[in-house]
file target-v7.cif (mmCIF, N, CA and C atoms)
data_start
loop_
_atom_site.label_atom_id
_atom_site.label_comp_id
_atom_site.auth_asym_id
_atom_site.auth_seq_id
_atom_site.Cartn_x
_atom_site.Cartn_y
_atom_site.Cartn_z
N THR A 1 -112.82 -3.92 -121.05
CA THR A 1 -111.92 -2.87 -120.65
C THR A 1 -110.48 -3.36 -120.80
N GLN A 2 -109.65 -2.46 -121.28
CA GLN A 2 -108.24 -2.80 -121.50
C GLN A 2 -107.36 -1.81 -120.73
N PRO A 3 -107.18 -2.03 -119.42
CA PRO A 3 -106.43 -1.09 -118.59
C PRO A 3 -105.03 -0.75 -119.11
N GLN A 4 -104.33 -1.75 -119.62
CA GLN A 4 -102.97 -1.49 -120.09
C GLN A 4 -102.97 -0.60 -121.34
N LEU A 5 -103.95 -0.79 -122.20
CA LEU A 5 -104.06 0.08 -123.39
C LEU A 5 -104.42 1.50 -122.97
N ILE A 6 -105.34 1.63 -122.04
CA ILE A 6 -105.72 2.94 -121.52
C ILE A 6 -104.49 3.63 -120.93
N LYS A 7 -103.74 2.89 -120.14
CA LYS A 7 -102.53 3.43 -119.50
C LYS A 7 -101.51 3.87 -120.56
N LYS A 8 -101.32 3.05 -121.57
CA LYS A 8 -100.36 3.37 -122.64
C LYS A 8 -100.77 4.64 -123.38
N ILE A 9 -102.05 4.76 -123.70
CA ILE A 9 -102.55 5.95 -124.41
C ILE A 9 -102.37 7.19 -123.54
N LEU A 10 -102.77 7.10 -122.28
CA LEU A 10 -102.66 8.26 -121.39
C LEU A 10 -101.21 8.68 -121.18
N CYS A 11 -100.32 7.72 -120.98
CA CYS A 11 -98.90 8.04 -120.80
C CYS A 11 -98.34 8.74 -122.03
N LYS A 12 -98.72 8.28 -123.20
CA LYS A 12 -98.25 8.91 -124.44
C LYS A 12 -98.80 10.34 -124.55
N LEU A 13 -100.08 10.51 -124.28
CA LEU A 13 -100.68 11.85 -124.33
C LEU A 13 -99.98 12.81 -123.37
N ILE A 14 -99.75 12.34 -122.17
CA ILE A 14 -99.11 13.17 -121.15
C ILE A 14 -97.69 13.55 -121.57
N SER A 15 -97.00 12.63 -122.22
CA SER A 15 -95.62 12.89 -122.63
C SER A 15 -95.52 13.91 -123.77
N VAL A 16 -96.56 14.06 -124.56
CA VAL A 16 -96.49 14.97 -125.72
C VAL A 16 -97.33 16.24 -125.56
N CYS A 17 -98.17 16.30 -124.53
CA CYS A 17 -99.05 17.47 -124.35
C CYS A 17 -98.44 18.46 -123.37
N SER A 18 -98.58 19.73 -123.72
CA SER A 18 -98.11 20.76 -122.80
C SER A 18 -99.22 21.21 -121.85
N LYS A 19 -100.40 20.72 -122.07
CA LYS A 19 -101.56 21.03 -121.22
C LYS A 19 -101.89 19.82 -120.34
N PRO A 20 -102.58 20.07 -119.23
CA PRO A 20 -102.98 18.94 -118.38
C PRO A 20 -103.90 17.97 -119.14
N VAL A 21 -103.70 16.71 -118.93
CA VAL A 21 -104.52 15.67 -119.54
C VAL A 21 -105.45 15.10 -118.48
N THR A 22 -106.72 14.98 -118.82
CA THR A 22 -107.69 14.36 -117.93
C THR A 22 -108.28 13.14 -118.64
N CYS A 23 -109.00 12.35 -117.90
CA CYS A 23 -109.59 11.14 -118.46
C CYS A 23 -111.01 10.99 -117.91
N LYS A 24 -111.90 10.46 -118.73
CA LYS A 24 -113.27 10.20 -118.29
C LYS A 24 -113.59 8.73 -118.55
N ILE A 25 -114.18 8.09 -117.54
CA ILE A 25 -114.58 6.69 -117.66
C ILE A 25 -116.01 6.52 -117.14
N ARG A 26 -116.57 5.36 -117.40
CA ARG A 26 -117.80 4.91 -116.75
C ARG A 26 -117.40 3.86 -115.73
N ILE A 27 -118.23 3.69 -114.71
CA ILE A 27 -117.94 2.61 -113.77
C ILE A 27 -118.08 1.27 -114.48
N LEU A 28 -117.36 0.29 -113.99
CA LEU A 28 -117.41 -1.05 -114.58
C LEU A 28 -118.41 -1.90 -113.82
N GLU A 29 -118.53 -3.12 -114.23
CA GLU A 29 -119.51 -4.02 -113.62
C GLU A 29 -119.23 -4.33 -112.16
N SER A 30 -117.95 -4.36 -111.79
CA SER A 30 -117.63 -4.65 -110.39
C SER A 30 -116.88 -3.47 -109.76
N GLU A 31 -117.08 -3.33 -108.47
CA GLU A 31 -116.40 -2.28 -107.72
C GLU A 31 -114.89 -2.48 -107.77
N GLU A 32 -114.46 -3.71 -107.61
CA GLU A 32 -113.03 -4.02 -107.61
C GLU A 32 -112.37 -3.61 -108.93
N GLU A 33 -113.00 -3.97 -110.04
CA GLU A 33 -112.47 -3.60 -111.36
C GLU A 33 -112.42 -2.08 -111.53
N THR A 34 -113.46 -1.42 -111.08
CA THR A 34 -113.55 0.04 -111.21
C THR A 34 -112.44 0.72 -110.42
N LEU A 35 -112.27 0.32 -109.16
CA LEU A 35 -111.24 0.93 -108.32
C LEU A 35 -109.84 0.65 -108.87
N SER A 36 -109.63 -0.55 -109.35
CA SER A 36 -108.34 -0.91 -109.93
C SER A 36 -108.04 -0.05 -111.16
N LEU A 37 -109.03 0.10 -112.03
CA LEU A 37 -108.85 0.93 -113.23
C LEU A 37 -108.55 2.37 -112.85
N CYS A 38 -109.26 2.90 -111.89
CA CYS A 38 -109.04 4.28 -111.46
C CYS A 38 -107.63 4.48 -110.93
N LYS A 39 -107.14 3.52 -110.16
CA LYS A 39 -105.77 3.61 -109.64
C LYS A 39 -104.74 3.54 -110.77
N GLU A 40 -105.00 2.68 -111.75
CA GLU A 40 -104.10 2.59 -112.92
C GLU A 40 -104.08 3.92 -113.67
N ILE A 41 -105.25 4.50 -113.86
CA ILE A 41 -105.32 5.79 -114.56
C ILE A 41 -104.58 6.86 -113.77
N GLU A 42 -104.79 6.90 -112.47
CA GLU A 42 -104.09 7.89 -111.64
C GLU A 42 -102.58 7.74 -111.77
N SER A 43 -102.09 6.51 -111.87
CA SER A 43 -100.65 6.26 -111.93
C SER A 43 -100.00 6.82 -113.20
N THR A 44 -100.81 7.16 -114.20
CA THR A 44 -100.26 7.71 -115.45
C THR A 44 -99.86 9.17 -115.30
N GLY A 45 -100.38 9.83 -114.29
CA GLY A 45 -100.08 11.25 -114.11
C GLY A 45 -101.16 12.18 -114.64
N VAL A 46 -102.35 11.65 -114.92
CA VAL A 46 -103.43 12.53 -115.37
C VAL A 46 -103.73 13.57 -114.29
N ALA A 47 -104.22 14.72 -114.74
CA ALA A 47 -104.49 15.82 -113.82
C ALA A 47 -105.79 15.61 -113.04
N ALA A 48 -106.74 14.89 -113.62
CA ALA A 48 -108.02 14.64 -112.97
C ALA A 48 -108.71 13.46 -113.65
N LEU A 49 -109.66 12.89 -112.94
CA LEU A 49 -110.43 11.77 -113.49
C LEU A 49 -111.92 12.08 -113.35
N ALA A 50 -112.61 12.06 -114.49
CA ALA A 50 -114.06 12.20 -114.47
C ALA A 50 -114.66 10.80 -114.51
N VAL A 51 -115.64 10.56 -113.65
CA VAL A 51 -116.24 9.23 -113.57
C VAL A 51 -117.75 9.35 -113.74
N HIS A 52 -118.25 8.66 -114.75
CA HIS A 52 -119.69 8.58 -114.98
C HIS A 52 -120.23 7.51 -114.05
N GLY A 53 -121.21 7.86 -113.24
CA GLY A 53 -121.69 6.98 -112.20
C GLY A 53 -122.64 5.88 -112.62
N ARG A 54 -122.61 5.52 -113.89
CA ARG A 54 -123.39 4.38 -114.38
C ARG A 54 -122.52 3.57 -115.33
N THR A 55 -122.84 2.29 -115.48
CA THR A 55 -122.09 1.45 -116.42
C THR A 55 -122.53 1.79 -117.84
N ARG A 56 -121.84 1.23 -118.79
CA ARG A 56 -122.21 1.50 -120.19
C ARG A 56 -123.55 0.87 -120.55
N TYR A 57 -124.03 -0.03 -119.72
CA TYR A 57 -125.30 -0.70 -119.99
C TYR A 57 -126.49 -0.02 -119.33
N THR A 58 -126.24 0.90 -118.42
CA THR A 58 -127.35 1.57 -117.74
C THR A 58 -127.62 2.92 -118.41
N ARG A 59 -128.87 3.27 -118.47
CA ARG A 59 -129.29 4.49 -119.16
C ARG A 59 -129.47 5.62 -118.15
N SER A 60 -129.74 6.79 -118.68
CA SER A 60 -129.88 7.98 -117.82
C SER A 60 -131.09 7.90 -116.90
N SER A 61 -132.00 7.00 -117.15
CA SER A 61 -133.16 6.85 -116.26
C SER A 61 -132.79 6.05 -115.00
N HIS A 62 -131.61 5.46 -114.99
CA HIS A 62 -131.12 4.74 -113.82
C HIS A 62 -130.36 5.70 -112.92
N PRO A 63 -130.38 5.47 -111.62
CA PRO A 63 -129.69 6.38 -110.70
C PRO A 63 -128.17 6.27 -110.80
N CYS A 64 -127.51 7.36 -110.50
CA CYS A 64 -126.06 7.41 -110.42
C CYS A 64 -125.61 6.62 -109.19
N ASN A 65 -124.53 5.88 -109.31
CA ASN A 65 -124.01 5.08 -108.20
C ASN A 65 -123.06 5.94 -107.36
N TYR A 66 -123.63 6.67 -106.40
CA TYR A 66 -122.84 7.57 -105.57
C TYR A 66 -121.88 6.82 -104.65
N ASP A 67 -122.23 5.61 -104.26
CA ASP A 67 -121.37 4.84 -103.36
C ASP A 67 -120.01 4.57 -104.00
N ILE A 68 -120.01 4.13 -105.26
CA ILE A 68 -118.73 3.84 -105.92
C ILE A 68 -117.96 5.13 -106.20
N ILE A 69 -118.67 6.20 -106.51
CA ILE A 69 -118.00 7.49 -106.74
C ILE A 69 -117.28 7.92 -105.45
N GLN A 70 -117.96 7.78 -104.34
CA GLN A 70 -117.38 8.14 -103.04
C GLN A 70 -116.14 7.29 -102.75
N LYS A 71 -116.21 6.00 -103.06
CA LYS A 71 -115.07 5.11 -102.84
C LYS A 71 -113.90 5.49 -103.75
N ILE A 72 -114.19 5.81 -105.00
CA ILE A 72 -113.14 6.24 -105.93
C ILE A 72 -112.43 7.46 -105.39
N LYS A 73 -113.22 8.44 -104.95
CA LYS A 73 -112.64 9.67 -104.41
C LYS A 73 -111.76 9.36 -103.19
N SER A 74 -112.17 8.42 -102.37
CA SER A 74 -111.41 8.12 -101.16
C SER A 74 -110.07 7.43 -101.43
N VAL A 75 -109.92 6.75 -102.58
CA VAL A 75 -108.67 6.04 -102.86
C VAL A 75 -107.73 6.80 -103.80
N LEU A 76 -108.21 7.88 -104.40
CA LEU A 76 -107.36 8.64 -105.31
C LEU A 76 -106.89 9.95 -104.67
N SER A 77 -105.75 10.42 -105.14
CA SER A 77 -105.26 11.70 -104.63
C SER A 77 -105.45 12.82 -105.65
N ILE A 78 -105.85 12.48 -106.87
CA ILE A 78 -106.11 13.50 -107.90
C ILE A 78 -107.57 13.94 -107.81
N PRO A 79 -107.90 15.10 -108.39
CA PRO A 79 -109.30 15.53 -108.39
C PRO A 79 -110.20 14.52 -109.12
N VAL A 80 -111.38 14.30 -108.55
CA VAL A 80 -112.38 13.42 -109.15
C VAL A 80 -113.59 14.26 -109.51
N ILE A 81 -114.04 14.10 -110.76
CA ILE A 81 -115.17 14.84 -111.28
C ILE A 81 -116.31 13.86 -111.49
N LEU A 82 -117.45 14.13 -110.89
CA LEU A 82 -118.61 13.24 -111.02
C LEU A 82 -119.41 13.60 -112.27
N ASN A 83 -119.85 12.60 -112.98
CA ASN A 83 -120.72 12.77 -114.14
C ASN A 83 -121.82 11.72 -114.03
N GLY A 84 -122.97 12.00 -114.62
CA GLY A 84 -124.04 11.02 -114.66
C GLY A 84 -125.10 11.20 -113.59
N ALA A 85 -125.15 12.37 -112.99
CA ALA A 85 -126.13 12.62 -111.93
C ALA A 85 -127.32 13.42 -112.44
N SER A 86 -127.67 13.23 -113.70
CA SER A 86 -128.70 14.06 -114.33
C SER A 86 -130.07 13.95 -113.66
N LEU A 87 -130.35 12.84 -113.01
CA LEU A 87 -131.65 12.70 -112.34
C LEU A 87 -131.74 13.56 -111.08
N ASP A 88 -130.59 13.90 -110.52
CA ASP A 88 -130.56 14.55 -109.21
C ASP A 88 -130.18 16.02 -109.24
N ILE A 89 -129.79 16.54 -110.38
CA ILE A 89 -129.31 17.92 -110.43
C ILE A 89 -130.24 18.79 -111.26
N ASN A 90 -130.87 19.73 -110.55
CA ASN A 90 -131.75 20.69 -111.21
C ASN A 90 -131.35 22.12 -110.92
N ASN A 91 -130.42 22.30 -109.99
CA ASN A 91 -129.98 23.65 -109.63
C ASN A 91 -128.63 23.57 -108.93
N ARG A 92 -128.10 24.73 -108.62
CA ARG A 92 -126.78 24.81 -108.02
C ARG A 92 -126.72 24.15 -106.63
N SER A 93 -127.78 24.28 -105.86
CA SER A 93 -127.78 23.67 -104.53
C SER A 93 -127.77 22.14 -104.63
N ASP A 94 -128.38 21.59 -105.67
CA ASP A 94 -128.30 20.14 -105.90
C ASP A 94 -126.85 19.73 -106.17
N MET A 95 -126.14 20.55 -106.95
CA MET A 95 -124.74 20.26 -107.25
C MET A 95 -123.92 20.23 -105.96
N THR A 96 -124.14 21.22 -105.12
CA THR A 96 -123.43 21.31 -103.85
C THR A 96 -123.73 20.10 -102.97
N ALA A 97 -124.98 19.69 -102.92
CA ALA A 97 -125.37 18.54 -102.09
C ALA A 97 -124.72 17.25 -102.60
N VAL A 98 -124.69 17.07 -103.90
CA VAL A 98 -124.07 15.86 -104.47
C VAL A 98 -122.56 15.87 -104.22
N MET A 99 -121.94 17.03 -104.36
CA MET A 99 -120.50 17.13 -104.09
C MET A 99 -120.20 16.79 -102.63
N LYS A 100 -121.04 17.30 -101.75
CA LYS A 100 -120.85 17.03 -100.32
C LYS A 100 -121.05 15.54 -100.02
N LYS A 101 -122.06 14.94 -100.61
CA LYS A 101 -122.38 13.53 -100.38
C LYS A 101 -121.25 12.61 -100.84
N THR A 102 -120.63 12.94 -101.96
CA THR A 102 -119.63 12.05 -102.56
C THR A 102 -118.19 12.46 -102.29
N GLY A 103 -117.98 13.72 -101.95
CA GLY A 103 -116.63 14.22 -101.71
C GLY A 103 -115.88 14.59 -102.97
N VAL A 104 -116.56 14.57 -104.12
CA VAL A 104 -115.88 14.88 -105.38
C VAL A 104 -115.45 16.35 -105.41
N ASP A 105 -114.53 16.63 -106.32
CA ASP A 105 -113.99 17.97 -106.45
C ASP A 105 -114.82 18.84 -107.38
N SER A 106 -115.55 18.21 -108.27
CA SER A 106 -116.34 18.96 -109.25
C SER A 106 -117.41 18.05 -109.84
N ILE A 107 -118.29 18.67 -110.60
CA ILE A 107 -119.36 17.92 -111.27
C ILE A 107 -119.39 18.33 -112.73
N MET A 108 -119.54 17.35 -113.59
CA MET A 108 -119.69 17.57 -115.03
C MET A 108 -121.14 17.24 -115.37
N ILE A 109 -121.83 18.21 -115.93
CA ILE A 109 -123.23 17.92 -116.28
C ILE A 109 -123.47 18.20 -117.75
N ALA A 110 -124.45 17.53 -118.29
CA ALA A 110 -124.84 17.73 -119.68
C ALA A 110 -126.34 17.98 -119.76
N ARG A 111 -127.12 16.96 -119.44
CA ARG A 111 -128.57 17.08 -119.61
C ARG A 111 -129.18 18.26 -118.86
N ALA A 112 -128.80 18.45 -117.62
CA ALA A 112 -129.39 19.53 -116.84
C ALA A 112 -129.12 20.88 -117.49
N ALA A 113 -127.91 21.07 -118.01
CA ALA A 113 -127.57 22.33 -118.68
C ALA A 113 -128.20 22.41 -120.06
N TRP A 114 -128.37 21.28 -120.69
CA TRP A 114 -129.00 21.25 -122.00
C TRP A 114 -130.48 21.63 -121.87
N TYR A 115 -131.12 21.09 -120.86
CA TYR A 115 -132.53 21.41 -120.64
C TYR A 115 -132.73 22.84 -120.20
N ASN A 116 -131.82 23.35 -119.37
CA ASN A 116 -131.92 24.73 -118.90
C ASN A 116 -130.54 25.24 -118.51
N PRO A 117 -129.91 26.05 -119.38
CA PRO A 117 -128.55 26.53 -119.11
C PRO A 117 -128.43 27.36 -117.84
N SER A 118 -129.52 27.84 -117.30
CA SER A 118 -129.43 28.63 -116.07
C SER A 118 -129.34 27.75 -114.83
N VAL A 119 -129.14 26.44 -115.02
CA VAL A 119 -129.00 25.51 -113.89
C VAL A 119 -127.84 25.93 -112.98
N PHE A 120 -126.88 26.66 -113.53
CA PHE A 120 -125.72 27.11 -112.75
C PHE A 120 -126.01 28.38 -111.96
N ARG A 121 -127.12 29.02 -112.26
CA ARG A 121 -127.46 30.31 -111.63
C ARG A 121 -127.66 30.15 -110.13
N ASP A 122 -127.15 31.10 -109.40
CA ASP A 122 -127.29 31.09 -107.95
C ASP A 122 -128.17 32.26 -107.54
N PRO A 123 -129.22 32.09 -106.80
CA PRO A 123 -129.51 30.90 -106.02
C PRO A 123 -130.31 29.84 -106.77
N GLU A 124 -131.13 30.21 -107.73
CA GLU A 124 -131.96 29.23 -108.43
C GLU A 124 -132.00 29.53 -109.92
N PRO A 125 -132.19 28.50 -110.75
CA PRO A 125 -132.33 28.74 -112.18
C PRO A 125 -133.62 29.48 -112.49
N VAL A 126 -133.63 30.09 -113.65
CA VAL A 126 -134.86 30.71 -114.13
C VAL A 126 -135.62 29.66 -114.93
N SER A 127 -136.86 29.95 -115.27
CA SER A 127 -137.63 28.99 -116.07
C SER A 127 -136.97 28.84 -117.44
N VAL A 128 -137.25 27.73 -118.09
CA VAL A 128 -136.70 27.50 -119.43
C VAL A 128 -137.15 28.62 -120.36
N ARG A 129 -138.39 29.03 -120.24
CA ARG A 129 -138.92 30.12 -121.09
C ARG A 129 -138.10 31.40 -120.91
N GLU A 130 -137.84 31.76 -119.66
CA GLU A 130 -137.07 32.96 -119.39
C GLU A 130 -135.63 32.82 -119.88
N ALA A 131 -135.05 31.65 -119.72
CA ALA A 131 -133.69 31.41 -120.18
C ALA A 131 -133.61 31.57 -121.70
N VAL A 132 -134.59 31.03 -122.42
CA VAL A 132 -134.62 31.15 -123.88
C VAL A 132 -134.82 32.61 -124.29
N GLN A 133 -135.71 33.31 -123.60
CA GLN A 133 -135.93 34.73 -123.92
C GLN A 133 -134.65 35.53 -123.74
N LYS A 134 -133.93 35.31 -122.65
CA LYS A 134 -132.67 36.02 -122.41
C LYS A 134 -131.63 35.66 -123.47
N PHE A 135 -131.58 34.39 -123.80
CA PHE A 135 -130.64 33.95 -124.82
C PHE A 135 -130.94 34.63 -126.16
N MET A 136 -132.19 34.67 -126.55
CA MET A 136 -132.59 35.30 -127.81
C MET A 136 -132.29 36.79 -127.80
N LYS A 137 -132.40 37.42 -126.65
CA LYS A 137 -132.08 38.84 -126.53
C LYS A 137 -130.60 39.09 -126.82
N TYR A 138 -129.75 38.20 -126.34
CA TYR A 138 -128.30 38.34 -126.56
C TYR A 138 -127.90 38.02 -127.99
N CYS A 139 -128.69 37.18 -128.64
CA CYS A 139 -128.38 36.83 -130.03
C CYS A 139 -128.66 38.00 -130.93
#
call {"tool": "encode", "arguments": {"input": "target-v7.cif", "output": "structure tokens"}}
result
Amino acid sequence: TQPQLIKKILCKLISVCSKPVTCKIRILESEEETLSLCKEIESTGVAALAVHGRTRYTRSSHPCNYDIIQKIKSVLSIPVILNGASLDINNRSDMTAVMKKTGVDSIMIARAAWYNPSVFRDPEPVSVREAVQKFMKYC
């Protein structure tokens, strides 16, 4: 990890963009390094920080590290977006529970929506079959 390079890139982006700039990272091997990097990123003026709750060496079959996400949220004043909770999110109520547990401002998901786009449906998603049928109807 090269915090100063990350900071330089983000500062340059922020200086030339008319839109809010956000950043996404994975947690690092140590809590101290992760928190330090997050604070450095926040100091650039980014609008929000998305944090993947696993290191680059852990796969999606490993659990998301909610403890470090919660700590990141507690030390930053910008919005924190959680990513990497694919094992735990199958519906909207799961999203709400994870947000409550960690204190994050939002959740970024990929696999859950890829497997079934109705994961956002309230109160519960429809079956994959029904989601595909509805999608095909709109096409």
call {"tool": "closest_residue", "arguments": {"input": "target-v7.cif", "among": "A:Leu28, A:Lys101, A:Ser60, A:Arg92", "to": "Ser118 of chain A", "atoms": "only C-alpha atoms"}}
result
A:Arg92
call {"tool": "closest_atom_pairs", "arguments": {"input": "target-v7.cif", "of": "segment 35-114 of chain A", "to": "segment 16-25 of chain A", "cutoff": "6 Å", "atoms": "only N, CA and C atoms", "output": "CSV"}}
result
residue,atom,partner,partner_atom,distance
A:Val46,CA,A:Val21,C,4.5
A:Ala47,N,A:Val21,C,4.0
A:Ala48,C,A:Cys23,N,4.4
A:Leu49,CA,A:Cys23,C,4.5
A:Ala50,N,A:Cys23,C,3.9
A:Val51,CA,A:Ile25,C,4.5
A:His52,N,A:Ile25,C,3.9
call {"tool": "closest_residue", "arguments": {"input": "target-v7.cif", "among": "A:Glu31, A:Met99, A:Ser36, A:Ile41", "to": "Ile14 of chain A", "atoms": "only C-alpha atoms"}}
result
A:Ile41
call {"tool": "closest_residue", "arguments": {"input": "target-v7.cif", "among": "A:Val104, A:Cys64, A:Ile69, A:Leu37", "to": "Leu87 of chain A", "atoms": "all atoms listed in the file"}}
result
A:Cys64
call {"tool": "residues_near_point", "arguments": {"input": "target-v7.cif", "point": "(-120.7, 3.6, -113.0)", "cutoff": "5 Å", "atoms": "all atoms listed in the file", "output": "number ranges by chain"}}
result
A: 26-28, 52-55
call {"tool": "select_by_dssp", "arguments": {"input": "target-v7.cif", "residues": "chain A", "states": "alpha helix (DSSP H)", "output": "PyMOL selection string"}}
result
chain A and resi 3-16+31-43+66-75+92-102+111-115+128-138
call {"tool": "closest_residue", "arguments": {"input": "target-v7.cif", "among": "A:Ser127, A:Asn83, A:Asn116, A:Ser93", "to": "Pro63 of chain A", "atoms": "only C-alpha atoms"}}
result
A:Asn83
call {"tool": "closest_residue", "arguments": {"input": "target-v7.cif", "among": "A:Tyr57, A:Ile107, A:Thr34, A:Gly84", "to": "Lys71 of chain A", "atoms": "only C-alpha atoms"}}
result
A:Thr34
call {"tool": "closest_residue", "arguments": {"input": "target-v7.cif", "among": "A:Arg121, A:Thr102, A:Gln2, A:Cys11", "to": "Asp67 of chain A", "atoms": "all atoms listed in the file"}}
result
A:Thr102
call {"tool": "atom_distance", "arguments": {"input": "target-v7.cif", "atom1": "atom CA of Thr44 of chain A", "atom2": "atom C of Arg56 of chain A"}}
result
24.8 Å
call {"tool": "atom_distance", "arguments": {"input": "target-v7.cif", "atom1": "atom CA of Glu32 of chain A", "atom2": "atom N of Ser61 of chain A"}}
result
23.9 Å
call {"tool": "atom_distance", "arguments": {"input": "target-v7.cif", "atom1": "atom CA of Ser77 of chain A", "atom2": "atom CA of Glu40 of chain A"}}
result
12.4 Å
call {"tool": "residues_around", "arguments": {"input": "target-v7.cif", "residues": "Thr96 of chain A", "least_positions_apart": "5", "cutoff": "12 Å", "atoms": "only C-alpha atoms", "output": "JSON, numbers by chain"}}
result
{"A": [82, 88, 89, 90, 91, 101, 102, 103, 104, 105, 106, 107, 120, 122, 123]}
call {"tool": "select_by_dssp", "arguments": {"input": "target-v7.cif", "residues": "segment 14-123 of chain A", "states": "strand (DSSP E or B)", "output": "JSON, numbers by chain"}}
result
{"A": [22, 23, 24, 25, 26, 48, 49, 50, 51, 52, 80, 81, 82, 83, 106, 107, 108]}
